[in-house]
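*Asks:* Got a structure for you, final_19.csv, holding CSV, C-alpha atoms.
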chain,number,residue,atom,x,y,z
J,1,MET,CA,-31.5,-10.2,-5.4
J,2,LEU,CA,-29.3,-10.1,-8.5
J,3,GLY,CA,-30.6,-6.6,-9.2
J,4,TRP,CA,-29.6,-5.5,-5.7
J,5,LEU,CA,-26.1,-6.9,-6.1
J,6,ARG,CA,-25.7,-5.2,-9.5
J,7,GLY,CA,-26.9,-1.9,-7.9
J,8,THR,CA,-24.4,-2.3,-5.0
J,9,ARG,CA,-21.5,-2.9,-7.4
J,10,ALA,CA,-22.5,0.1,-9.5
J,11,ARG,CA,-22.7,2.4,-6.5
J,12,ARG,CA,-19.5,1.4,-4.9
J,13,ARG,CA,-16.2,3.3,-5.4
J,14,PRO,CA,-14.8,2.5,-8.9
J,15,SER,CA,-11.7,0.4,-9.0
J,16,ALA,CA,-8.4,1.7,-10.3
J,17,TYR,CA,-8.9,0.0,-13.6
J,18,GLN,CA,-12.3,1.5,-14.0
J,19,LEU,CA,-10.9,4.9,-13.4
J,20,ALA,CA,-8.1,4.3,-15.9
J,21,SER,CA,-10.6,3.0,-18.5
J,22,PHE,CA,-12.9,6.0,-17.9
J,23,LEU,CA,-10.0,8.5,-18.5
J,24,ARG,CA,-8.7,6.5,-21.5
J,25,HIS,CA,-12.2,6.4,-23.0
J,26,ILE,CA,-12.4,10.2,-22.8
J,27,GLY,CA,-8.9,10.6,-24.3
J,28,TYR,CA,-9.7,8.3,-27.2
J,29,GLY,CA,-12.9,10.2,-28.0
J,30,LEU,CA,-11.1,13.6,-27.9
J,31,GLU,CA,-8.3,12.3,-30.2
J,32,ALA,CA,-10.9,11.1,-32.6
J,33,GLY,CA,-12.5,14.5,-32.8
J,34,VAL,CA,-15.6,13.7,-30.7
J,35,PRO,CA,-16.9,16.7,-28.7
J,36,LEU,CA,-16.0,16.7,-25.1
J,37,GLY,CA,-19.5,16.5,-23.8
J,38,GLN,CA,-20.2,13.5,-26.0
J,39,ALA,CA,-17.0,11.8,-25.0
J,40,LEU,CA,-17.8,12.3,-21.3
J,41,GLY,CA,-21.3,10.8,-21.7
J,42,ALA,CA,-20.0,7.8,-23.6
J,43,ALA,CA,-17.2,7.2,-21.0
J,44,GLY,CA,-19.7,7.4,-18.2
J,45,ALA,CA,-22.2,5.0,-19.8
J,46,ALA,CA,-19.4,2.5,-20.7
J,47,SER,CA,-18.0,2.5,-17.1
J,48,GLY,CA,-20.8,0.6,-15.6
J,49,ASN,CA,-20.4,2.5,-12.3
J,50,SER,CA,-22.9,5.1,-11.1
J,51,ARG,CA,-20.3,7.3,-9.5
J,52,LEU,CA,-18.4,7.6,-12.8
J,53,GLU,CA,-21.6,8.3,-14.6
J,54,ALA,CA,-22.3,11.0,-12.0
J,55,LEU,CA,-18.8,12.4,-12.6
J,56,ALA,CA,-19.4,12.5,-16.3
J,57,ALA,CA,-22.6,14.4,-15.7
J,58,SER,CA,-20.9,16.8,-13.3
J,59,CYS,CA,-18.2,17.5,-15.9
J,60,ALA,CA,-20.8,18.2,-18.5
J,61,ASP,CA,-22.5,20.6,-16.2
J,62,ALA,CA,-19.2,22.3,-15.4
J,63,ILE,CA,-18.6,22.8,-19.1
J,64,LEU,CA,-22.1,24.3,-19.6
J,65,GLN,CA,-21.6,26.7,-16.6
J,66,GLY,CA,-18.2,27.8,-17.9
J,67,ARG,CA,-16.3,26.2,-15.1
J,68,PRO,CA,-13.0,24.4,-15.6
J,69,LEU,CA,-13.3,20.7,-16.2
J,70,HIS,CA,-10.8,19.7,-13.6
J,71,THR,CA,-12.9,21.2,-10.8
J,72,ALA,CA,-15.5,18.4,-11.3
J,73,PHE,CA,-12.7,15.8,-11.1
J,74,GLU,CA,-11.4,17.4,-7.9
J,75,GLU,CA,-14.9,17.5,-6.3
J,76,SER,CA,-15.5,13.8,-7.0
J,77,ARG,CA,-12.6,12.8,-4.7
J,78,LEU,CA,-12.0,9.8,-6.9
J,79,PHE,CA,-8.6,11.0,-8.2
J,80,LEU,CA,-5.3,12.0,-6.6
J,81,GLN,CA,-4.2,15.6,-6.7
J,82,GLU,CA,-1.5,14.7,-9.2
J,83,HIS,CA,-4.1,13.5,-11.7
J,84,VAL,CA,-6.3,16.5,-11.1
J,85,HIS,CA,-3.4,18.9,-11.8
J,86,ALA,CA,-2.4,16.9,-14.8
J,87,ILE,CA,-5.9,17.2,-16.2
J,88,ARG,CA,-5.9,20.9,-15.4
J,89,VAL,CA,-2.7,21.5,-17.3
J,90,GLY,CA,-4.0,19.4,-20.2
J,91,GLU,CA,-7.2,21.5,-20.3
J,92,GLU,CA,-5.3,24.8,-20.3
J,93,SER,CA,-2.8,23.7,-23.0
J,94,ALA,CA,-5.5,22.1,-25.2
J,95,GLN,CA,-3.8,18.7,-24.7
J,96,LEU,CA,-6.6,17.2,-22.6
J,97,GLY,CA,-6.6,13.9,-24.5
J,98,THR,CA,-2.9,13.4,-23.8
J,99,ALA,CA,-3.3,14.3,-20.2
J,100,MET,CA,-6.1,11.7,-19.8
J,101,GLU,CA,-3.9,9.0,-21.3
J,102,VAL,CA,-1.0,10.0,-19.0
J,103,CYS,CA,-3.2,9.8,-16.0
J,104,ALA,CA,-4.8,6.5,-17.0
J,105,GLU,CA,-1.4,4.9,-17.5
J,106,ALA,CA,-0.2,6.2,-14.1
J,107,ILE,CA,-3.3,4.8,-12.3
J,108,GLU,CA,-2.8,1.4,-13.9
J,109,ARG,CA,0.9,1.2,-13.1
J,110,ARG,CA,0.2,2.3,-9.5
J,111,GLU,CA,-2.5,-0.3,-9.0
J,112,GLU,CA,-0.3,-3.0,-10.6
J,113,LEU,CA,2.5,-2.3,-8.2
J,114,SER,CA,0.1,-2.1,-5.2
J,115,ARG,CA,-1.4,-5.5,-6.1
J,116,LYS,CA,2.0,-7.1,-6.3
J,117,ILE,CA,3.1,-5.7,-2.9
J,118,ARG,CA,-0.2,-6.7,-1.3
J,119,GLY,CA,0.2,-10.2,-2.7
J,120,ALA,CA,3.7,-10.5,-1.2
J,121,VAL,CA,2.5,-9.4,2.2
J,122,ALA,CA,-0.9,-10.9,2.5
J,123,TYR,CA,0.0,-14.6,2.6
J,124,PRO,CA,2.6,-14.3,5.4
J,125,ALA,CA,0.3,-12.1,7.4
J,126,ILE,CA,-2.6,-14.6,7.1
J,127,VAL,CA,-0.4,-17.5,8.0
J,128,LEU,CA,1.0,-15.7,11.0
J,129,LEU,CA,-2.4,-14.6,12.2
J,130,MET,CA,-3.8,-18.1,11.9
J,131,ALA,CA,-0.8,-19.6,13.6
J,132,CYS,CA,-1.1,-17.2,16.5
J,133,GLY,CA,-4.8,-17.9,16.8
J,134,ALA,CA,-4.3,-21.6,16.8
J,135,ALA,CA,-1.5,-21.4,19.4
J,136,TYR,CA,-3.6,-19.3,21.6
J,137,MET,CA,-6.6,-21.6,21.5
J,138,PHE,CA,-4.4,-24.6,22.1
J,139,LEU,CA,-2.7,-23.0,25.1
J,140,THR,CA,-5.9,-21.7,26.7
J,141,MET,CA,-8.4,-24.4,25.9
J,142,VAL,CA,-6.6,-27.7,25.3
J,143,ILE,CA,-3.6,-27.5,27.7
J,144,PRO,CA,-5.6,-26.8,30.9
J,145,GLN,CA,-7.6,-29.9,30.4
J,146,VAL,CA,-4.6,-32.1,29.7
J,147,ALA,CA,-2.7,-30.6,32.7
J,148,GLY,CA,-5.6,-31.7,35.0
J,149,MET,CA,-5.2,-35.3,33.6
J,150,PHE,CA,-1.5,-35.2,34.2
J,151,GLN,CA,-1.9,-34.0,37.8
J,152,GLN,CA,-4.5,-36.7,38.6
J,153,ALA,CA,-2.2,-39.3,37.2
J,154,GLY,CA,0.8,-38.0,39.1
J,155,VAL,CA,3.0,-38.0,35.9
J,156,ALA,CA,6.4,-36.4,36.1
J,157,LEU,CA,6.4,-33.6,33.6
J,158,PRO,CA,9.5,-32.9,31.5
J,159,LEU,CA,10.8,-29.3,31.2
J,160,PRO,CA,9.2,-28.4,27.8
J,161,THR,CA,5.8,-29.5,29.2
J,162,ARG,CA,6.3,-27.5,32.5
J,163,LEU,CA,7.2,-24.4,30.4
J,164,LEU,CA,4.1,-24.9,28.3
J,165,LEU,CA,1.8,-25.2,31.3
J,166,ALA,CA,3.3,-22.1,32.8
J,167,LEU,CA,2.6,-20.2,29.6
J,168,SER,CA,-0.9,-21.6,29.5
J,169,ARG,CA,-1.6,-20.5,33.1
J,170,ALA,CA,-0.2,-17.0,32.4
J,171,LEU,CA,-2.4,-16.6,29.4
J,172,THR,CA,-5.5,-17.9,31.2
J,173,ALA,CA,-5.0,-15.8,34.3
J,174,TYR,CA,-3.8,-12.5,32.9
J,175,TRP,CA,-5.5,-12.2,29.6
J,176,THR,CA,-7.7,-9.4,30.9
J,177,THR,CA,-4.7,-7.5,32.1
J,178,GLY,CA,-3.0,-8.0,28.7
J,179,PHE,CA,-6.1,-6.9,26.8
J,180,GLY,CA,-6.4,-3.8,29.0
J,181,ALA,CA,-2.7,-3.0,28.5
J,182,LEU,CA,-3.2,-3.4,24.7
J,183,LEU,CA,-6.2,-1.0,24.8
J,184,ALA,CA,-4.3,1.5,26.9
J,185,ALA,CA,-1.3,1.3,24.4
J,186,VAL,CA,-3.7,1.8,21.5
J,187,GLY,CA,-5.3,4.8,23.2
J,188,MET,CA,-2.0,6.4,24.0
J,189,TRP,CA,-0.9,5.8,20.4
J,190,THR,CA,-3.9,7.5,18.9
J,191,THR,CA,-4.3,10.3,21.4
J,192,VAL,CA,-0.9,11.2,22.8
J,193,LEU,CA,1.3,10.9,19.7
J,194,PRO,CA,0.6,13.4,16.9
J,195,ALA,CA,-0.5,12.0,13.6
J,196,ASP,CA,2.8,13.0,11.9
J,197,ALA,CA,4.8,11.3,14.6
J,198,ARG,CA,2.7,8.1,14.2
J,199,THR,CA,3.2,8.1,10.5
J,200,ARG,CA,6.9,8.5,10.8
J,201,LEU,CA,7.3,5.7,13.4
J,202,VAL,CA,5.2,3.3,11.2
J,203,SER,CA,7.2,4.2,8.1
J,204,ALA,CA,10.5,3.8,9.9
J,205,ALA,CA,9.5,0.4,11.4
J,206,ARG,CA,8.2,-0.8,8.1
J,207,SER,CA,11.4,0.1,6.2
J,208,ARG,CA,13.4,-1.9,8.8
J,209,LEU,CA,11.3,-5.1,8.5
J,210,PRO,CA,13.3,-8.2,7.6
J,211,PHE,CA,12.7,-9.4,4.0
J,212,PHE,CA,10.2,-6.6,3.3
J,213,GLY,CA,12.0,-3.4,4.3
J,214,THR,CA,14.0,-3.0,1.0
J,215,MET,CA,10.9,-3.9,-1.0
J,216,TYR,CA,8.8,-1.2,0.7
J,217,ARG,CA,11.6,1.4,0.2
J,218,THR,CA,11.9,0.6,-3.5
J,219,ALA,CA,8.1,0.6,-4.0
J,220,ALA,CA,7.8,4.0,-2.3
J,221,SER,CA,10.5,5.4,-4.6
J,222,ALA,CA,8.7,3.9,-7.6
J,223,ARG,CA,5.4,5.6,-6.6
J,224,ALA,CA,7.2,8.9,-6.0
J,225,ALA,CA,8.9,8.6,-9.4
J,226,ARG,CA,5.6,7.8,-11.1
J,227,SER,CA,3.9,10.8,-9.5
J,228,PHE,CA,6.6,13.1,-10.6
J,229,ALA,CA,6.8,11.6,-14.1
J,230,THR,CA,3.0,12.0,-14.5
J,231,LEU,CA,3.0,15.7,-13.5
J,232,ILE,CA,6.1,16.5,-15.6
J,233,GLY,CA,4.7,14.6,-18.6
J,234,ALA,CA,1.4,16.5,-18.3
J,235,GLY,CA,3.3,19.8,-18.5
J,236,VAL,CA,3.1,20.8,-14.8
J,237,PRO,CA,5.9,23.2,-13.8
J,238,VAL,CA,8.7,21.5,-11.8
J,239,LEU,CA,8.2,23.5,-8.6
J,240,THR,CA,4.4,22.9,-8.7
J,241,ALA,CA,5.1,19.2,-9.4
J,242,LEU,CA,7.4,18.9,-6.4
J,243,ARG,CA,4.8,20.5,-4.1
J,244,ILE,CA,2.1,18.1,-5.3
J,245,CYS,CA,4.4,15.2,-4.9
J,246,ALA,CA,5.3,16.3,-1.4
J,247,ASP,CA,1.6,16.5,-0.5
J,248,GLY,CA,0.9,13.0,-1.8
J,249,ALA,CA,4.2,11.4,-0.9
J,250,PRO,CA,4.0,7.7,0.1
J,251,SER,CA,6.2,8.2,3.2
J,252,PRO,CA,7.3,11.1,5.4
J,253,GLU,CA,11.0,10.6,4.3
J,254,ILE,CA,10.1,11.0,0.7
J,255,LYS,CA,7.9,14.1,1.5
J,256,ASP,CA,11.0,15.6,3.2
J,257,ALA,CA,13.1,14.8,0.1
J,258,TRP,CA,10.6,16.6,-2.3
J,259,VAL,CA,10.3,19.6,0.1
J,260,ALA,CA,14.1,19.9,0.2
J,261,ALA,CA,14.4,19.6,-3.6
J,262,ALA,CA,11.9,22.4,-4.1
J,263,ASP,CA,13.7,24.6,-1.6
J,264,TYR,CA,17.0,24.0,-3.5
J,265,LEU,CA,15.4,24.7,-6.8
J,266,ARG,CA,14.0,28.0,-5.5
J,267,ARG,CA,17.4,29.1,-4.5
J,268,GLY,CA,18.8,28.2,-7.9
J,269,ALA,CA,20.6,25.0,-6.8
J,270,ARG,CA,20.3,21.6,-8.3
J,271,MET,CA,17.6,19.3,-7.1
J,272,SER,CA,19.9,16.3,-7.1
J,273,GLU,CA,22.1,17.9,-4.5
J,274,ALA,CA,19.1,17.9,-2.0
J,275,LEU,CA,18.1,14.3,-3.0
J,276,ALA,CA,21.6,12.8,-2.8
J,277,THR,CA,21.2,12.1,1.0
J,278,SER,CA,17.5,11.4,0.9
J,279,SER,CA,15.7,8.1,1.2
J,280,LEU,CA,14.8,8.1,-2.5
J,281,HIS,CA,16.2,5.2,-4.6
J,282,PRO,CA,19.7,6.1,-6.0
J,283,LEU,CA,18.4,5.3,-9.5
J,284,LEU,CA,15.8,8.1,-9.3
J,285,VAL,CA,18.3,10.5,-7.9
J,286,GLN,CA,20.8,9.7,-10.7
J,287,ALA,CA,18.0,10.1,-13.3
J,288,ILE,CA,17.2,13.5,-12.0
J,289,ALA,CA,20.9,14.5,-11.9
J,290,SER,CA,21.3,13.4,-15.5
J,291,ALA,CA,18.2,15.2,-16.5
J,292,GLU,CA,19.4,18.4,-14.9
J,293,ASN,CA,22.4,18.2,-17.2
J,294,SER,CA,20.6,17.2,-20.4
J,295,GLY,CA,17.4,19.1,-19.9
J,296,ASN,CA,15.2,16.0,-20.6
J,297,MET,CA,13.5,15.7,-17.2
J,298,GLN,CA,10.3,14.0,-18.5
J,299,GLU,CA,12.0,11.1,-20.3
J,300,ALA,CA,14.6,10.5,-17.5
J,301,VAL,CA,12.1,10.4,-14.7
J,302,HIS,CA,9.6,8.3,-16.8
J,303,ARG,CA,12.3,5.7,-17.4
J,304,ALA,CA,13.4,5.7,-13.8
J,305,ALA,CA,9.8,5.2,-12.7
J,306,ALA,CA,9.4,2.2,-15.1
J,307,SER,CA,12.6,0.7,-13.9
J,308,LEU,CA,11.8,1.1,-10.2
J,309,GLU,CA,8.3,-0.4,-10.7
J,310,LYS,CA,9.8,-3.5,-12.4
J,311,GLU,CA,12.4,-3.8,-9.6
J,312,ALA,CA,9.8,-3.5,-6.9
J,313,MET,CA,7.5,-6.1,-8.5
J,314,HIS,CA,10.5,-8.5,-9.1
J,315,MET,CA,11.4,-8.1,-5.4
J,316,ALA,CA,7.8,-8.8,-4.4
J,317,SER,CA,7.6,-11.9,-6.6
J,318,THR,CA,10.9,-13.2,-5.2
J,319,LEU,CA,9.9,-12.5,-1.6
J,320,GLN,CA,6.6,-14.2,-2.1
J,321,ASN,CA,8.3,-17.3,-3.5
J,322,VAL,CA,10.9,-17.4,-0.6
J,323,VAL,CA,8.9,-16.2,2.4
J,324,GLU,CA,5.8,-18.3,1.9
J,325,PRO,CA,7.6,-21.7,2.5
J,326,VAL,CA,9.6,-20.1,5.3
J,327,PHE,CA,6.5,-19.0,7.1
J,328,THR,CA,4.7,-22.3,6.4
J,329,VAL,CA,7.6,-24.4,7.7
J,330,GLY,CA,8.0,-22.0,10.7
J,331,THR,CA,4.4,-22.3,11.6
J,332,GLY,CA,4.5,-26.0,11.4
J,333,VAL,CA,7.6,-26.2,13.6
J,334,ILE,CA,5.9,-24.0,16.3
J,335,LEU,CA,2.7,-25.9,16.3
J,336,GLY,CA,4.5,-29.2,16.2
J,337,GLY,CA,6.7,-28.1,19.1
J,338,LEU,CA,3.5,-27.4,21.1
J,339,LEU,CA,2.1,-30.8,20.4
J,340,LEU,CA,5.3,-32.5,21.2
J,341,ALA,CA,5.6,-30.8,24.5
J,342,MET,CA,2.1,-31.9,25.4
J,343,TYR,CA,2.6,-35.5,24.4
J,344,LEU,CA,6.0,-36.0,26.0
J,345,PRO,CA,4.5,-37.0,29.4
J,346,ILE,CA,2.3,-39.5,27.6
J,347,VAL,CA,5.3,-41.1,25.9
J,348,ASN,CA,7.1,-41.2,29.3
J,349,VAL,CA,4.1,-43.0,30.8
J,350,VAL,CA,4.0,-45.5,28.0
J,351,ASN,CA,7.7,-46.2,28.4
J,352,THR,CA,7.4,-46.6,32.1
J,353,ILE,CA,4.6,-49.1,31.7
J,354,ARG,CA,6.7,-51.1,29.3
Is it possible to give me this structure as structure tokens?
*Replies:*
Amino acid sequence: MLGWLRGTRARRRPSAYQLASFLRHIGYGLEAGVPLGQALGAAGAASGNSRLEALAASCADAILQGRPLHTAFEESRLFLQEHVHAIRVGEESAQLGTAMEVCAEAIERREELSRKIRGAVAYPAIVLLMACGAAYMFLTMVIPQVAGMFQQAGVALPLPTRLLLALSRALTAYWTTGFGALLAAVGMWTTVLPADARTRLVSAARSRLPFFGTMYRTAASARAARSFATLIGAGVPVLTALRICADGAPSPEIKDAWVAAADYLRRGARMSEALATSSLHPLLVQAIASAENSGNMQEAVHRAAASLEKEAMHMASTLQNVVEPVFTVGTGVILGGLLLAMYLPIVNVVNTIR
């Protein structure tokens, strides 16, 4: 049994930290003067993941066959296009070790930000889901039985209890209709609307969420800045970097911003002019504008990416600390209100008897 579990863990997709460690191991070996094939083998063996070991073997085969190293990384589908292109440029410029380190750092920073965002969203989502499930079970299973007792006893029901019973009857009688409408809506969403339209609607709705909208926008700008910084830091030409960033943009709005920036750059205009009215964070736009004046694009974008990542993680921590008690108290109030509405007739009966 333990052997099966170990085998399952080894065959599954490697985590972001395993990918970063794999790349960093290769980079350290190259910087120490270890031959590339030996560095690949050592990194694959140290990863503890069969897919990374297979990738190391594929890279070694590519080298023996005279193929570029980055083709094996691209075929593995374990890395983003920005990392593949960075490795390609590092390979062509004899700076492969540096490219590996740049990609490893980018993967770790991206994963750290994603974990923070997921942590800020997961707890409220779980609490909301459990509260809705408890309320539904209460309304459809408990309330009908209590309602029958009240009717037999001839108890006068207060307004909150009558509203609760009406809601219970509606959920009990029309749940199939509601479920069918939900399935129809999902079917129309997936078949009628094009994929791009769905993505844009979800992105627009997410950016307008209370509490979370600003955090999502900042996190998207941080990811976009990190992607651009990774490519520029690896020596990818700016136009190529903009195209790759557009292809892997975290939102349609940011994709449009990168496409517009590339179009401006081709026409000899400044990228910052195209980005000034985009959804990118003003800090990133200002960093790019300053870099266009000073010529130090790599350093400016790298600093902007680091600042935006810190800001997004700080917002996630703040929201987590604030929203958790709000959702907990709100759930308690809702469930407490349902219980109170159910017990009000019992209190009236007791008071009448007294």
*Asks:* Report as a compact mmCIF listing (two decimals) with C-alpha atoms, in the frame of the given file all protein, DNA and RNA residues lying within 7 Å of J:Ala289, evaluated on all atoms listed in the file, omitting residues in the same chain fewer than 4 positions from it.
*Replies:*
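Output saved as result15.txt:
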# COMPACT_ATOMS: atom_id res chain seq x y z
CA SER J 272 19.90 16.30 -7.10
CA VAL J 285 18.30 10.50 -7.90
CA ASN J 293 22.40 18.20 -17.20
*Asks:* My list of candidates is J:Ser251, J:Val329, J:Tyr216, J:Tyr28. Which is closest to J:Asp196 when distances are computed with all atoms listed in the file?
*Replies:* J:Ser251
*Asks:* Between atom CA of J:Thr98 and atom CA of J:Gly27, what is the distance, to one decimal in Å?
*Replies:*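 Separation of atom CA of J:Thr98 and atom CA of J:Gly27: 6.6 Å.
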*Asks:* Kindly indicate which residue among J:Ile87, J:Thr172, J:Leu163, J:Leu80 lies nearest to J:Met137, using only C-alpha atoms for the distances.
*Replies:*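 Going through J:Ile87, J:Thr172, J:Leu163, J:Leu80 one by one, the smallest distance to J:Met137 is for J:Thr172.
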*Asks:* What lies within 12 Å of J:Arg13 using only C-alpha atoms, ignoring chain neighbours under 5 positions off, as an mmCIF file with C-alpha atoms, in the frame of the given file?
*Replies:*
data_model
loop_
_atom_site.group_PDB
_atom_site.id
_atom_site.type_symbol
_atom_site.label_atom_id
_atom_site.label_comp_id
_atom_site.auth_asym_id
_atom_site.auth_seq_id
_atom_site.Cartn_x
_atom_site.Cartn_y
_atom_site.Cartn_z
ATOM 1 C CA THR J 8 -24.400 -2.300 -5.000
ATOM 2 C CA GLN J 18 -12.300 1.500 -14.000
ATOM 3 C CA LEU J 19 -10.900 4.900 -13.400
ATOM 4 C CA SER J 47 -18.000 2.500 -17.100
ATOM 5 C CA GLY J 48 -20.800 0.600 -15.600
ATOM 6 C CA ASN J 49 -20.400 2.500 -12.300
ATOM 7 C CA SER J 50 -22.900 5.100 -11.100
ATOM 8 C CA ARG J 51 -20.300 7.300 -9.500
ATOM 9 C CA LEU J 52 -18.400 7.600 -12.800
ATOM 10 C CA GLU J 53 -21.600 8.300 -14.600
ATOM 11 C CA ALA J 54 -22.300 11.000 -12.000
ATOM 12 C CA LEU J 55 -18.800 12.400 -12.600
ATOM 13 C CA SER J 76 -15.500 13.800 -7.000
ATOM 14 C CA ARG J 77 -12.600 12.800 -4.700
ATOM 15 C CA LEU J 78 -12.000 9.800 -6.900
ATOM 16 C CA PHE J 79 -8.600 11.000 -8.200
#
*Asks:* Just to confirm, what's the straight-line distance from atom CA of J:Arg110 to atom CA of J:Gln298 in Å (one decimal)?
*Replies:*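 According to the coordinates, atom CA of J:Arg110 and atom CA of J:Gln298 are separated by 17.9 Å.
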*Asks:* Report the closest atom pair, with its distance in Å rounded to one decimal, for each residue of stretch 267-319 of chain J that has an atom no farther than 7 Å from stretch 224-240 of chain J; count only C-alpha atoms, sort by chain and then rising residue number, and write it as a tab-separated table.
*Replies:*
residue	atom	partner	partner_atom	distance
J:Leu284	CA	J:Ala225	CA	6.9
J:Gln298	CA	J:Gly233	CA	5.6
J:Val301	CA	J:Ala229	CA	5.5
J:His302	CA	J:Ala229	CA	5.1
J:Ala304	CA	J:Ala225	CA	6.9
J:Ala305	CA	J:Ala225	CA	4.8
*Asks:* How would the residues just chosen look if you wrote them out with C-alpha atoms as a PDB file, keeping the file's coordinate frame?
*Replies:*
ATOM      1  CA  LEU J 284      15.800   8.100  -9.300  1.00  0.00           C
ATOM      2  CA  GLN J 298      10.300  14.000 -18.500  1.00  0.00           C
ATOM      3  CA  VAL J 301      12.100  10.400 -14.700  1.00  0.00           C
ATOM      4  CA  HIS J 302       9.600   8.300 -16.800  1.00  0.00           C
ATOM      5  CA  ALA J 304      13.400   5.700 -13.800  1.00  0.00           C
ATOM      6  CA  ALA J 305       9.800   5.200 -12.700  1.00  0.00           C
TER       7      ALA J 305
END
*Asks:* Using all atoms listed in the file, can you tell me which of J:Ala125, J:Ala341, J:Val186, J:Ile346 comes closest to J:Thr161?
*Replies:*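 For J:Thr161, the nearest of the candidates is J:Ala341.
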*Asks:* Using only C-alpha atoms, what residues lie at most 8 Å away from (-0.1, -27.1, 19.9) (file coordinates), given as a list in words?
*Replies:*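 Checked against the point, the hits come out as Ala134, Ala135, Phe138, Leu139, Ile334, Leu335, Gly336, Gly337, Leu338, Leu339, Leu340 and Met342 of chain J.
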